[in-house]
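As structure tokens, the structure follows; a few thoughts come after it.
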Amino acid sequence: MAPVVNIGQLHQHVGSSVTIEGWLYNKRSSGKIHFLQVRDGTGLVQCVVVKSAVTPEIFERSGLLTQESSCRVSGLVRQDDRAPGGYELDVEGIEIVQIAQEYPITHKEHGVDFLMDHRHLWLRVPRQRAIMRVRAEVQRAIFDFLDNRGFTRVDPPILTPSSCEDTTELFQTKYFDEEAYLTQSGQMYMEAAAMSLGRVYSFGPCFRAEKSKTRRHLIEFWMVEPEMAYVDHDENLRIQEQLVSHVVEHVLHHCEAELHTLGRDVEKLAKVPGSFPRMSYDDAIAWLRKNGFDIEWGDDFGAPHETALAGQYDQPLFIERYPTKIKAFYMQPDPLRPEVVLCADMLAPEGYGEIVGGSQRIADYELLNTRFDEHHLPRDTYAWYLDLRRYGSVPHSGFGLGLERTIAWICGLEHIREAIAFPRTLYRLYP
RNA sequence: UCCUCGAUAGCUCAGCGGUAGAGCAUCCGGCUGUUAACCGGAGGGUCGUAGGUUCGAAUCCUACUCGGGGAGCCA
């Protein structure tokens, strides 16, 4: 049998016989000629079976293949402009691995509910494959960037004794005789790690038991959380914009075919890399009020506000220095204006909302201690976090980047659920 | 939790008071360059569940169940 190659590498084998191992994506037949579109995860190729050119057995066998049947096909690679992808295989042999039963996902349109119930099969279509490829490259770009800048990856726990913040809802579970919760952020643990390693990051799943039911929410999502000792608010923002710029450039460079499959307007993405516009919370409120929004200083932004603000720019927009009272207890107040904190949210363009949230953290023991009182935080579970401010406390900052929201934006997805292989959403735990 | 929309064949939908329909998928037949191929034929449905109105309900009403979109909150 001819050597096995990937469909994605067929252009290197023009004129020679090869074998591909994959699944039948689609078949068209004209009585004496079969067109088999075979995919293998690396690409899609049309295989031509001409009745007069093969044995009767091979011709009959290829006619038996149903959508998504698995097969090994050998043949001669030929360049052909008529074929999608530019290359074709003149079939010389075919081995049926398994004949697929009637495949639920046809080449016609399907509803969301049906597709989500068949997510395990839906993943096979070119669009979903493209998204998974981009997801992998986004992750690779993140790791490349951070690893090349002296960051050390540290893995925080998934099971935690309590919330890292006091507002959001948590998934509760049993930890022998204690209550435990699935993590919703590794940040506080990363602050501890940063005091050991300087610059660290975590990458892992987060769980939020919020009854959020929008196209921007998942119950289980993945987050990158860098934390950096001796880094202040301004440097924090510079690192964030460099990271996001790098990710976009990497995807543009490595996922050209995937972005084309997704129909993404790459011109818009090409405008992203660089330094990002910044707007103070104060200015954002003023701008919103001037543009007809009913909002006051001290209110948090809703999705329509974020979309309107970010819609003014081609690049992600930083909104910085939010009111202290609407932000997390651990954020460092602006020394000149303690009513605001040294934080920023990064809002993606095109209405994708917040993809990064970060801040400089409180380094002062007394101030953090006061915050514990104000927020009625349990001292027994958080004693260790206060400890960090007693033994060589330093200014430090960090941020969290939501992986799926970033992917949804880069891919131009209508809904975040397509950005992860098996989304956990409100009311959906299957498959 | 609230607002809003929906549930009819395997899938996508039409039918909106008078015997349940189409396209695709499946099966059979035809076609040597198809591009969501096409042409002919066949099989396939307790119209989400439970009540109610009516001579008669997929259709009107009520409740429930399950989903979609959005809000709040967040990455």
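FYI, nothing fancy with the structure tokens labels: chains A, B, ... in order, residues from 1 per chain, ligands from 1 as they appear.
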### Message
I need the contact residues of chain A against chain B, so if you could list those with any atom within 8 Å, counting only C-alpha atoms (C1' of nucleotides), and return them as a PyMOL selection string, that would help.
### Response
chain A and resi 28-33+35+50+84+102+104-113+168+210+212+214+223+354-357+400-403+405
I need the residues from that last selection saved to file as a CSV table (one decimal), in the first residue's frame (with C-alpha atoms), if you can.
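Contents of the output file result_37.csv:
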chain,number,residue,atom,x,y,z
A,28,ARG,CA,-21.6,12.7,-5.4
A,29,SER,CA,-22.2,10.0,-8.0
A,30,SER,CA,-22.9,10.0,-11.7
A,31,GLY,CA,-23.4,6.3,-12.4
A,32,LYS,CA,-19.9,5.6,-13.8
A,33,ILE,CA,-18.0,8.1,-11.6
A,35,PHE,CA,-16.7,11.9,-6.2
A,50,VAL,CA,-13.8,6.2,-12.4
A,84,PRO,CA,-12.0,22.4,-3.9
A,102,GLU,CA,-27.4,7.4,8.9
A,104,PRO,CA,-27.7,13.0,11.9
A,105,ILE,CA,-25.8,16.1,10.8
A,106,THR,CA,-26.5,16.7,7.1
A,107,HIS,CA,-25.1,19.4,4.9
A,108,LYS,CA,-28.4,21.3,5.3
A,109,GLU,CA,-29.2,23.7,8.0
A,110,HIS,CA,-29.8,22.6,11.6
A,111,GLY,CA,-31.2,24.3,14.7
A,112,VAL,CA,-29.0,25.2,17.7
A,113,ASP,CA,-30.7,22.8,20.0
A,168,THR,CA,-20.5,35.5,42.4
A,210,GLU,CA,-24.4,32.2,37.6
A,212,SER,CA,-26.3,33.9,33.0
A,214,THR,CA,-26.4,35.2,27.1
A,223,MET,CA,-8.9,31.7,31.9
A,354,GLU,CA,-14.9,42.4,28.2
A,355,ILE,CA,-12.1,39.9,27.4
A,356,VAL,CA,-9.6,41.0,30.1
A,357,GLY,CA,-10.1,42.3,33.6
A,400,GLY,CA,-7.4,37.5,33.8
A,401,LEU,CA,-8.0,36.9,30.1
A,402,GLY,CA,-11.2,34.9,29.2
A,403,LEU,CA,-10.1,32.4,26.6
A,405,ARG,CA,-14.4,35.3,24.7
### Task
Going by DSSP on the backbone, which bits of region 126-181 of chain A are helix (DSSP H, G or I)? Write them as a count of residues only, please.
22
### Task
Using DSSP on the backbone coordinates, identify all residues within region 43-251 of chain A classified as strand (DSSP E); present the result as a PyMOL selection string.
chain A and resi 44-50+70-79+87-98+152-153+159-160+172-175+178-182+199-207+220-229
### Query
Which residues come within 12 Å of Arg78 (chain A), counting only C-alpha atoms (C1' of nucleotides), excluding same-chain residues fewer than 3 positions away, as a list in words?
Leu10, His11, Gln12, His13, Val14, Gly15, Ser16, Ser17, Val18, Val45, Gln46, Cys47, Val48, Gly75, Asp81, Arg82, Ala83, Gly85, Gly86, Tyr87, Glu88, Leu89, Asp90 and Val91 of chain A
Serialized selection, C-alpha atoms, as a PDB file, in the first residue's frame:
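Output file again18.pdb follows:
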ATOM      1  CA  LEU A  10      -0.924  16.516  -0.405  1.00  0.00           C
ATOM      2  CA  HIS A  11       0.650  19.358  -2.359  1.00  0.00           C
ATOM      3  CA  GLN A  12       4.025  17.808  -1.533  1.00  0.00           C
ATOM      4  CA  HIS A  13       3.047  14.536  -3.211  1.00  0.00           C
ATOM      5  CA  VAL A  14       1.758  15.551  -6.629  1.00  0.00           C
ATOM      6  CA  GLY A  15       2.435  12.797  -9.153  1.00  0.00           C
ATOM      7  CA  SER A  16       2.926  10.016  -6.617  1.00  0.00           C
ATOM      8  CA  SER A  17       0.598   7.467  -5.089  1.00  0.00           C
ATOM      9  CA  VAL A  18      -0.358   7.954  -1.464  1.00  0.00           C
ATOM     10  CA  VAL A  45      -9.745  16.258  -0.655  1.00  0.00           C
ATOM     11  CA  GLN A  46     -11.920  15.076  -3.501  1.00  0.00           C
ATOM     12  CA  CYS A  47     -11.223  11.510  -4.549  1.00  0.00           C
ATOM     13  CA  VAL A  48     -12.334  10.512  -8.027  1.00  0.00           C
ATOM     14  CA  GLY A  75      -4.490   6.956  -5.249  1.00  0.00           C
ATOM     15  CA  ASP A  81      -8.368  23.529 -10.437  1.00  0.00           C
ATOM     16  CA  ARG A  82     -11.869  22.067 -10.563  1.00  0.00           C
ATOM     17  CA  ALA A  83     -11.437  20.561  -7.099  1.00  0.00           C
ATOM     18  CA  GLY A  85      -8.532  22.753  -2.378  1.00  0.00           C
ATOM     19  CA  GLY A  86      -6.825  22.456  -5.760  1.00  0.00           C
ATOM     20  CA  TYR A  87      -5.771  18.791  -5.505  1.00  0.00           C
ATOM     21  CA  GLU A  88      -7.486  15.523  -6.296  1.00  0.00           C
ATOM     22  CA  LEU A  89      -6.825  11.873  -5.742  1.00  0.00           C
ATOM     23  CA  ASP A  90      -7.353   9.455  -8.641  1.00  0.00           C
ATOM     24  CA  VAL A  91      -8.445   6.439  -6.656  1.00  0.00           C
TER      25      VAL A  91
END
### 8 Å contact set for region 70-72 of chain A, only C-alpha atoms (C1' of nucleotides), chain neighbours under 4 positions out, as number ranges by chain
A: 19-24, 94-100
Can you write just those residues out, C-alpha atoms, as a short mmCIF file (atom, residue, chain, number, x, y, z; two decimals), in the first residue's frame?
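File written: again-v2.cif
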data_model
loop_
_atom_site.label_atom_id
_atom_site.label_comp_id
_atom_site.auth_asym_id
_atom_site.auth_seq_id
_atom_site.Cartn_x
_atom_site.Cartn_y
_atom_site.Cartn_z
CA THR A 19 -2.87 6.68 1.08
CA ILE A 20 -5.13 8.90 3.15
CA GLU A 21 -6.95 7.78 6.28
CA GLY A 22 -10.12 9.61 7.10
CA TRP A 23 -13.86 9.95 6.91
CA LEU A 24 -16.25 10.54 4.04
CA ILE A 94 -10.14 1.80 -1.16
CA GLU A 95 -10.56 0.11 2.19
CA ILE A 96 -13.73 0.54 4.20
CA VAL A 97 -12.94 0.78 7.90
CA GLN A 98 -16.55 1.20 8.99
CA ILE A 99 -19.80 2.07 7.24
CA ALA A 100 -21.43 4.87 9.21
#
